[in-house]
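Visitor: Pasting work.cif below, which is mmCIF, C-alpha atoms and all ligand atoms.
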data_upload
loop_
_atom_site.label_atom_id
_atom_site.label_comp_id
_atom_site.auth_asym_id
_atom_site.auth_seq_id
_atom_site.Cartn_x
_atom_site.Cartn_y
_atom_site.Cartn_z
CA MET A 121 0.00 0.00 0.00
CA ARG A 122 1.43 3.36 -1.00
CA THR A 123 1.99 5.96 1.66
CA ALA A 124 0.66 9.40 0.81
CA ALA A 125 3.29 12.11 0.66
CA ARG A 126 2.98 14.67 3.42
CA ILE A 127 1.32 17.94 2.47
CA ARG A 128 2.90 20.91 4.26
CA PRO A 129 0.36 22.57 6.55
CA LYS A 130 0.07 26.35 6.46
CA THR A 131 1.35 28.32 9.45
CA LYS A 132 -1.02 30.38 11.59
CA ALA A 133 0.25 33.55 9.89
CA GLU A 134 -0.41 32.04 6.48
CA LEU A 135 -3.91 30.99 7.53
CA ALA A 136 -4.59 34.55 8.64
CA LYS A 137 -3.71 35.74 5.14
CA MET A 138 -5.89 33.10 3.53
CA ARG A 139 -8.76 34.22 5.73
CA GLU A 140 -8.45 37.68 4.16
CA SER A 141 -8.49 36.48 0.54
CA GLY A 142 -11.27 34.04 1.45
CA ARG A 143 -13.35 36.82 2.95
CA ILE A 144 -13.19 38.77 -0.32
CA VAL A 145 -14.47 35.71 -2.20
CA GLY A 146 -17.29 35.39 0.35
CA GLU A 147 -18.16 39.05 -0.17
CA VAL A 148 -18.33 38.54 -3.93
CA LEU A 149 -20.72 35.59 -3.64
CA ALA A 150 -22.90 37.52 -1.17
CA GLY A 151 -22.97 40.52 -3.51
CA VAL A 152 -23.72 38.35 -6.52
CA ALA A 153 -26.62 36.77 -4.60
CA GLU A 154 -28.22 40.21 -4.30
CA ARG A 155 -27.71 40.92 -8.01
CA ILE A 156 -28.99 37.68 -9.50
CA LYS A 157 -32.43 38.21 -11.04
CA PRO A 158 -34.10 37.68 -14.40
CA GLY A 159 -32.63 40.00 -17.04
CA VAL A 160 -29.20 40.49 -15.52
CA THR A 161 -26.38 39.45 -17.86
CA LEU A 162 -23.47 37.26 -16.89
CA LEU A 163 -21.09 40.00 -18.01
CA GLU A 164 -22.73 42.42 -15.56
CA LEU A 165 -22.15 39.97 -12.71
CA ASP A 166 -18.54 39.51 -13.80
CA ALA A 167 -17.90 43.25 -14.04
CA TRP A 168 -19.32 43.86 -10.58
CA ALA A 169 -17.26 41.01 -9.12
CA GLU A 170 -14.02 42.18 -10.70
CA ALA A 171 -14.58 45.74 -9.48
CA HIS A 172 -15.26 44.49 -5.95
CA ILE A 173 -12.18 42.26 -5.90
CA ARG A 174 -9.91 45.02 -7.19
CA GLY A 175 -11.55 47.55 -4.85
CA ARG A 176 -10.43 45.36 -1.96
CA GLY A 177 -6.85 45.43 -3.26
CA ALA A 178 -6.97 41.86 -4.58
CA THR A 179 -6.74 40.27 -8.03
CA PRO A 180 -9.24 37.87 -9.63
CA SER A 181 -7.55 34.45 -9.46
CA PHE A 182 -9.26 33.17 -12.58
CA LYS A 183 -8.61 36.05 -15.00
CA GLY A 184 -5.78 34.91 -17.25
CA TYR A 185 -5.54 31.49 -15.58
CA HIS A 186 -4.55 29.28 -18.53
CA GLY A 187 -6.01 32.10 -20.62
CA PHE A 188 -9.45 32.25 -18.97
CA PRO A 189 -10.82 35.65 -20.03
CA ARG A 190 -13.05 36.66 -17.09
CA SER A 191 -12.99 37.04 -13.31
CA LEU A 192 -15.87 34.66 -12.55
CA CYS A 193 -16.81 31.29 -13.94
CA VAL A 194 -20.57 31.43 -14.48
CA SER A 195 -22.39 28.25 -15.49
CA VAL A 196 -26.13 28.13 -16.28
CA ASN A 197 -28.49 25.12 -16.04
CA GLU A 198 -26.80 22.14 -17.77
CA GLU A 199 -23.41 23.87 -17.56
CA VAL A 200 -21.35 22.27 -14.78
CA VAL A 201 -18.24 24.44 -14.42
CA HIS A 202 -15.95 26.90 -16.21
CA GLY A 203 -18.66 28.81 -18.07
CA ILE A 204 -17.38 32.08 -19.55
CA PRO A 205 -19.58 35.08 -18.66
CA GLY A 206 -20.98 36.72 -21.79
CA LYS A 207 -24.00 38.70 -22.90
CA ARG A 208 -26.46 35.96 -21.96
CA ALA A 209 -29.19 37.25 -19.67
CA LEU A 210 -30.54 35.12 -16.83
CA ARG A 211 -34.15 33.99 -17.14
CA ASP A 212 -36.76 33.19 -14.56
CA GLY A 213 -36.39 29.51 -13.61
CA ASP A 214 -32.70 29.23 -14.49
CA ILE A 215 -30.13 28.00 -12.03
CA VAL A 216 -26.72 29.66 -12.15
CA THR A 217 -23.41 28.70 -10.59
CA VAL A 218 -20.96 31.46 -9.75
CA ASP A 219 -17.39 30.38 -9.01
CA CYS A 220 -14.97 33.02 -7.73
CA GLY A 221 -11.31 33.18 -6.80
CA ALA A 222 -9.35 36.07 -5.31
CA LEU A 223 -5.61 36.53 -4.78
CA LEU A 224 -4.51 38.83 -1.98
CA ASP A 225 -0.96 39.30 -0.79
CA GLY A 226 0.09 36.07 -2.52
CA TRP A 227 -2.72 33.85 -1.17
CA HIS A 228 -5.79 32.51 -2.96
CA GLY A 229 -9.38 31.90 -1.90
CA ASP A 230 -11.85 29.90 -4.01
CA ALA A 231 -15.59 29.32 -3.57
CA ALA A 232 -18.70 28.65 -5.63
CA ARG A 233 -22.45 28.55 -5.17
CA THR A 234 -25.45 27.72 -7.31
CA PHE A 235 -28.40 30.10 -7.17
CA CYS A 236 -32.01 29.89 -8.34
CA VAL A 237 -33.09 32.74 -10.61
CA GLY A 238 -36.58 33.89 -9.68
CA SER A 239 -38.96 30.96 -9.37
CA SER A 240 -37.48 27.50 -9.69
CA ASP A 241 -38.79 23.98 -10.14
CA PRO A 242 -38.73 21.48 -7.26
CA GLU A 243 -36.04 19.28 -8.83
CA SER A 244 -33.66 22.23 -9.19
CA ARG A 245 -34.21 23.26 -5.59
CA GLU A 246 -33.56 19.68 -4.49
CA LEU A 247 -30.39 19.56 -6.59
CA LEU A 248 -29.08 22.66 -4.83
CA ARG A 249 -30.00 21.31 -1.40
CA VAL A 250 -28.27 17.99 -2.00
CA CYS A 251 -25.14 19.57 -3.49
CA GLU A 252 -24.73 22.07 -0.67
CA GLY A 253 -25.43 19.36 1.89
CA SER A 254 -22.77 17.15 0.36
CA LEU A 255 -20.25 20.00 0.57
CA MET A 256 -20.98 20.50 4.25
CA ALA A 257 -20.83 16.74 4.89
CA GLY A 258 -17.34 16.76 3.38
CA VAL A 259 -16.30 19.88 5.27
CA ALA A 260 -17.35 18.25 8.56
CA GLU A 261 -14.61 15.63 8.02
CA LEU A 262 -11.83 18.23 7.86
CA ARG A 263 -10.45 17.46 11.32
CA PRO A 264 -7.09 16.32 12.62
CA GLN A 265 -6.68 12.53 12.53
CA ARG A 266 -9.22 12.07 9.74
CA ARG A 267 -7.96 10.99 6.35
CA LEU A 268 -8.55 12.80 3.09
CA GLY A 269 -10.48 9.80 1.79
CA ASP A 270 -13.02 10.34 4.60
CA VAL A 271 -13.92 13.66 2.95
CA SER A 272 -14.52 12.00 -0.41
CA LYS A 273 -16.58 9.25 1.22
CA ALA A 274 -18.74 11.72 3.15
CA VAL A 275 -19.58 13.80 0.07
CA GLU A 276 -20.50 10.76 -1.99
CA ALA A 277 -22.47 9.11 0.83
CA PHE A 278 -24.57 12.23 1.39
CA VAL A 279 -25.58 12.44 -2.27
CA LYS A 280 -26.41 8.73 -2.40
CA ARG A 281 -28.38 8.81 0.82
CA GLU A 282 -30.41 11.89 -0.05
CA SER A 283 -31.07 11.51 -3.77
CA GLY A 284 -30.72 9.67 -7.04
CA PHE A 285 -28.43 12.40 -8.33
CA ALA A 286 -24.88 11.75 -9.55
CA VAL A 287 -21.56 13.16 -8.33
CA VAL A 288 -19.31 14.46 -11.11
CA ARG A 289 -16.10 12.42 -11.22
CA GLN A 290 -14.06 14.26 -13.79
CA TYR A 291 -13.55 17.45 -11.74
CA VAL A 292 -12.39 17.46 -8.14
CA GLY A 293 -11.47 19.64 -5.19
CA HIS A 294 -7.89 20.61 -4.42
CA GLY A 295 -5.33 21.98 -2.06
CA ILE A 296 -5.03 25.78 -2.21
CA GLY A 297 -2.63 28.41 -0.95
CA ARG A 298 0.02 30.32 -2.86
CA ALA A 299 -1.29 28.50 -5.93
CA LEU A 300 -4.96 28.30 -6.84
CA HIS A 301 -4.64 24.56 -7.35
CA GLU A 302 -2.20 22.69 -5.15
CA GLU A 303 -1.76 19.04 -4.27
CA PRO A 304 -3.65 17.02 -3.25
CA GLN A 305 -6.69 16.47 -5.44
CA VAL A 306 -9.88 15.90 -3.44
CA PRO A 307 -12.30 13.67 -5.37
CA ASN A 308 -15.99 13.81 -4.48
CA TYR A 309 -16.29 10.03 -4.56
CA PHE A 310 -14.14 7.34 -3.04
CA GLU A 311 -12.10 4.60 -4.56
CA PRO A 312 -9.46 2.69 -2.61
CA GLY A 313 -6.00 3.53 -3.86
CA PHE A 314 -6.71 7.13 -4.81
CA PRO A 315 -3.56 9.21 -4.41
CA HIS A 316 -3.63 10.93 -1.02
CA ALA A 317 -6.76 9.08 0.16
CA ASP A 318 -4.68 7.99 3.18
CA LEU A 319 -3.35 11.47 3.86
CA MET A 320 -3.73 12.15 7.58
CA LEU A 321 -5.24 15.62 8.06
CA GLU A 322 -3.31 18.09 10.19
CA PRO A 323 -4.04 21.57 11.52
CA GLY A 324 -3.05 24.04 8.80
CA HIS A 325 -4.11 21.91 5.86
CA VAL A 326 -6.32 23.94 3.54
CA PHE A 327 -8.53 22.46 0.84
CA ALA A 328 -11.10 23.72 -1.62
CA ILE A 329 -13.92 21.19 -1.35
CA GLU A 330 -16.21 21.45 -4.35
CA PRO A 331 -18.78 18.79 -5.20
CA MET A 332 -20.62 19.09 -8.49
CA VAL A 333 -23.88 17.17 -8.54
CA ASN A 334 -25.83 16.34 -11.70
CA ALA A 335 -29.56 15.62 -11.89
CA GLY A 336 -28.92 12.80 -14.39
CA THR A 337 -25.72 11.11 -15.48
CA HIS A 338 -22.36 11.95 -13.90
CA GLU A 339 -20.85 12.20 -17.37
CA VAL A 340 -19.83 15.57 -18.75
CA ARG A 341 -18.33 17.01 -21.92
CA VAL A 342 -16.50 20.22 -22.86
CA LEU A 343 -18.00 22.67 -25.37
CA GLU A 344 -16.23 24.09 -28.44
CA ASP A 345 -15.02 27.12 -26.44
CA LEU A 346 -12.74 24.57 -24.71
CA TRP A 347 -13.85 25.88 -21.30
CA THR A 348 -17.53 25.32 -20.63
CA VAL A 349 -18.26 21.89 -19.16
CA VAL A 350 -21.85 20.63 -19.61
CA THR A 351 -23.69 17.50 -18.55
CA ALA A 352 -23.64 14.78 -21.20
CA ASP A 353 -27.43 14.36 -20.99
CA GLY A 354 -28.33 18.06 -20.88
CA ARG A 355 -29.87 17.86 -17.40
CA ARG A 356 -29.02 20.42 -14.75
CA SER A 357 -25.99 20.56 -12.48
CA ALA A 358 -25.14 22.28 -9.19
CA HIS A 359 -21.77 23.19 -7.67
CA PHE A 360 -20.93 24.40 -4.16
CA GLU A 361 -17.40 25.13 -2.95
CA HIS A 362 -15.63 26.53 0.08
CA THR A 363 -11.98 26.98 0.96
CA VAL A 364 -11.63 25.35 4.38
CA ALA A 365 -8.79 25.06 6.90
CA VAL A 366 -8.26 22.11 9.22
CA THR A 367 -7.75 23.46 12.76
CA GLU A 368 -7.37 21.91 16.20
CA ASP A 369 -10.97 23.00 16.82
CA GLY A 370 -12.31 21.44 13.62
CA PRO A 371 -13.03 22.77 10.14
CA GLN A 372 -12.89 26.52 9.57
CA VAL A 373 -14.55 27.85 6.42
CA LEU A 374 -12.38 30.70 5.09
CA THR A 375 -14.63 31.87 2.24
CA LEU A 376 -17.34 33.59 4.26
CA PRO A 377 -18.03 37.34 4.03
MG MG B 401 -13.82 27.46 -7.59
MG MG B 402 -11.73 25.21 -6.80
#
Just give me the structure as structure tokens.
Ligand code: MG
Ligand code: MG

Guide:
Amino acid sequence: MRTAARIRPKTKAELAKMRESGRIVGEVLAGVAERIKPGVTLLELDAWAEAHIRGRGATPSFKGYHGFPRSLCVSVNEEVVHGIPGKRALRDGDIVTVDCGALLDGWHGDAARTFCVGSSDPESRELLRVCEGSLMAGVAELRPQRRLGDVSKAVEAFVKRESGFAVVRQYVGHGIGRALHEEPQVPNYFEPGFPHADLMLEPGHVFAIEPMVNAGTHEVRVLEDLWTVVTADGRRSAHFEHTVAVTEDGPQVLTLP
């Protein structure tokens, strides 16, 4: 059995810095929540978010990341992740995922949330409930002496227990710090032998936990823009993410306003 390489925990001073970048991300998602309504365009949300991030002295983590052109990833309905904000206007009954990253003083925060636009159908509301619940079930495992695989198991078990929905397998959570994406990967389902599944969690470890849950199949595909990921069957998808630190006192969510 392979032994997982140790992941260096952040110091208390580093965690304090990540709390600041995380707070800005939390502010953006709270501000976006107030602005989401039928008729608003994705570009308008992106422009507001970028102005807020820069106004707080930070930089959008996503803008320019492997050439990504905007500050937010915004994904509507059957879009899973990495949607590029454009002139599309939100419509009553849509669901929309906003994913935001901010870099402050050399440290990243990363969080996402799916919102209902105006009125929404019961299945969409259930999809959001199950996805957010699975995130929090995973977050609850971020304690010293737990293993990283326990996080993956908890996310998957919550979705299976609560619904017939499917966890996306192709995209996963990640370590985060000076880089937006650091080792280790954090899958939202468990298979024995995953790299780092045996990693023993320590105070100072920081992960972005980010389940994506599809109403139908777990399978996804990438559109011609080479960014936007959609469900293979065209059914809807939700995505919730927080950047979370392991502390002696349990999990601490860093991406709150
Ligand atoms: Mg994200
Ligand atoms: Mg992320």

Visitor: Using only C-alpha atoms and all ligand atoms, which residues have at least one atom no more than 6 Å from ligand MG 402 (chain B)? Output them as a compact mmCIF listing (two decimals) with C-alpha atoms, keeping the file's coordinate frame.

Guide:
# COMPACT_ATOMS: atom_id res chain seq x y z
CA ASP A 230 -11.85 29.90 -4.01
CA GLY A 293 -11.47 19.64 -5.19
CA ALA A 328 -11.10 23.72 -1.62

Visitor: Which value, in Å to one decimal, gives the distance between atom CA of A:Arg139 and atom CA of A:Leu163?

Guide: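 Interatomic distance here is 27.4 Å.
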
Visitor: What do you get as a list in words if you pick all residues at most 7 Å from ligand MG 401 (chain B), counting all atoms listed in the file?

Guide: Asp219, Cys220, Gly221, Asp230, Ala231, Ala232 and Glu361 of chain A

Visitor: Generate a file of the selected residues that holds C-alpha atoms, formatted as a compact mmCIF listing (two decimals), in the frame of the given file.

Guide:
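What landed in part.txt:
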# COMPACT_ATOMS: atom_id res chain seq x y z
CA ASP A 219 -17.39 30.38 -9.01
CA CYS A 220 -14.97 33.02 -7.73
CA GLY A 221 -11.31 33.18 -6.80
CA ASP A 230 -11.85 29.90 -4.01
CA ALA A 231 -15.59 29.32 -3.57
CA ALA A 232 -18.70 28.65 -5.63
CA GLU A 361 -17.40 25.13 -2.95

Visitor: Rank nothing, just name the residue among A:Thr351, A:Ser244, A:Thr363, A:Ser254 nearest to A:Arg143, using all atoms listed in the file.

Guide: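 Closest to A:Arg143 of all the choices is A:Thr363.
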
Visitor: As lines of an AutoDock Vina configuration file, please report the centre and edge lengths, rounded to one decimal in Å, of the axis-aligned box that holds all listed atoms of stretch 269-273 of chain A with 6 Å of padding on each of the six sides.

Guide:
center_x = -13.5
center_y = 11.5
center_z = 2.1
size_x = 18.1
size_y = 16.4
size_z = 17.0

Visitor: Within 10 Å of (-1.6, 16.2, 7.4) (file coordinates; all atoms listed in the file), which protein or nucleic acid residues are there? I'd like them as a list of chain:residue names.

Guide: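 Residues found, by chain and rising number: A:Ala124, A:Ala125, A:Arg126, A:Ile127, A:Arg128, A:Pro129, A:Arg263, A:Pro264, A:Gln265, A:Arg266, A:Arg267, A:Leu268, A:Asp318, A:Leu319, A:Met320, A:Leu321, A:Glu322, A:Pro323, A:Gly324, A:His325, A:Val326, A:Val366.
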
Visitor: What is the atom CA of A:Phe235-atom CA of A:Met332 distance in Å, reported with one decimal?

Guide: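 Going from atom CA of A:Phe235 over to atom CA of A:Met332, I get 13.5 Å.
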
Visitor: What's the 6 Å shell around A:Val237, counting all atoms listed in the file, without same-chain residues fewer than 3 positions away, as a ChimeraX atom specification?

Guide: /A:157,212-215

Visitor: Quick one: contact table of stretch 152-213 of chain A to stretch 334-346 of chain A, 9 Å max, nearest atom pair and distance in Å to one decimal per residue, counting all atoms listed in the file, chain and number order, as a tab-separated table?

Guide:
residue	atom	partner	partner_atom	distance
A:Glu198	CA	A:Asn334	CA	8.5
A:Val200	CA	A:Val340	CA	7.9
A:Ile204	CA	A:Asp345	CA	8.8

Visitor: Please, what distance in Å, to one decimal, runs between atom CA of A:Glu243 and atom CA of A:Val364?

Guide: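 Pair atom CA of A:Glu243 / atom CA of A:Val364 returns 28.4 Å.
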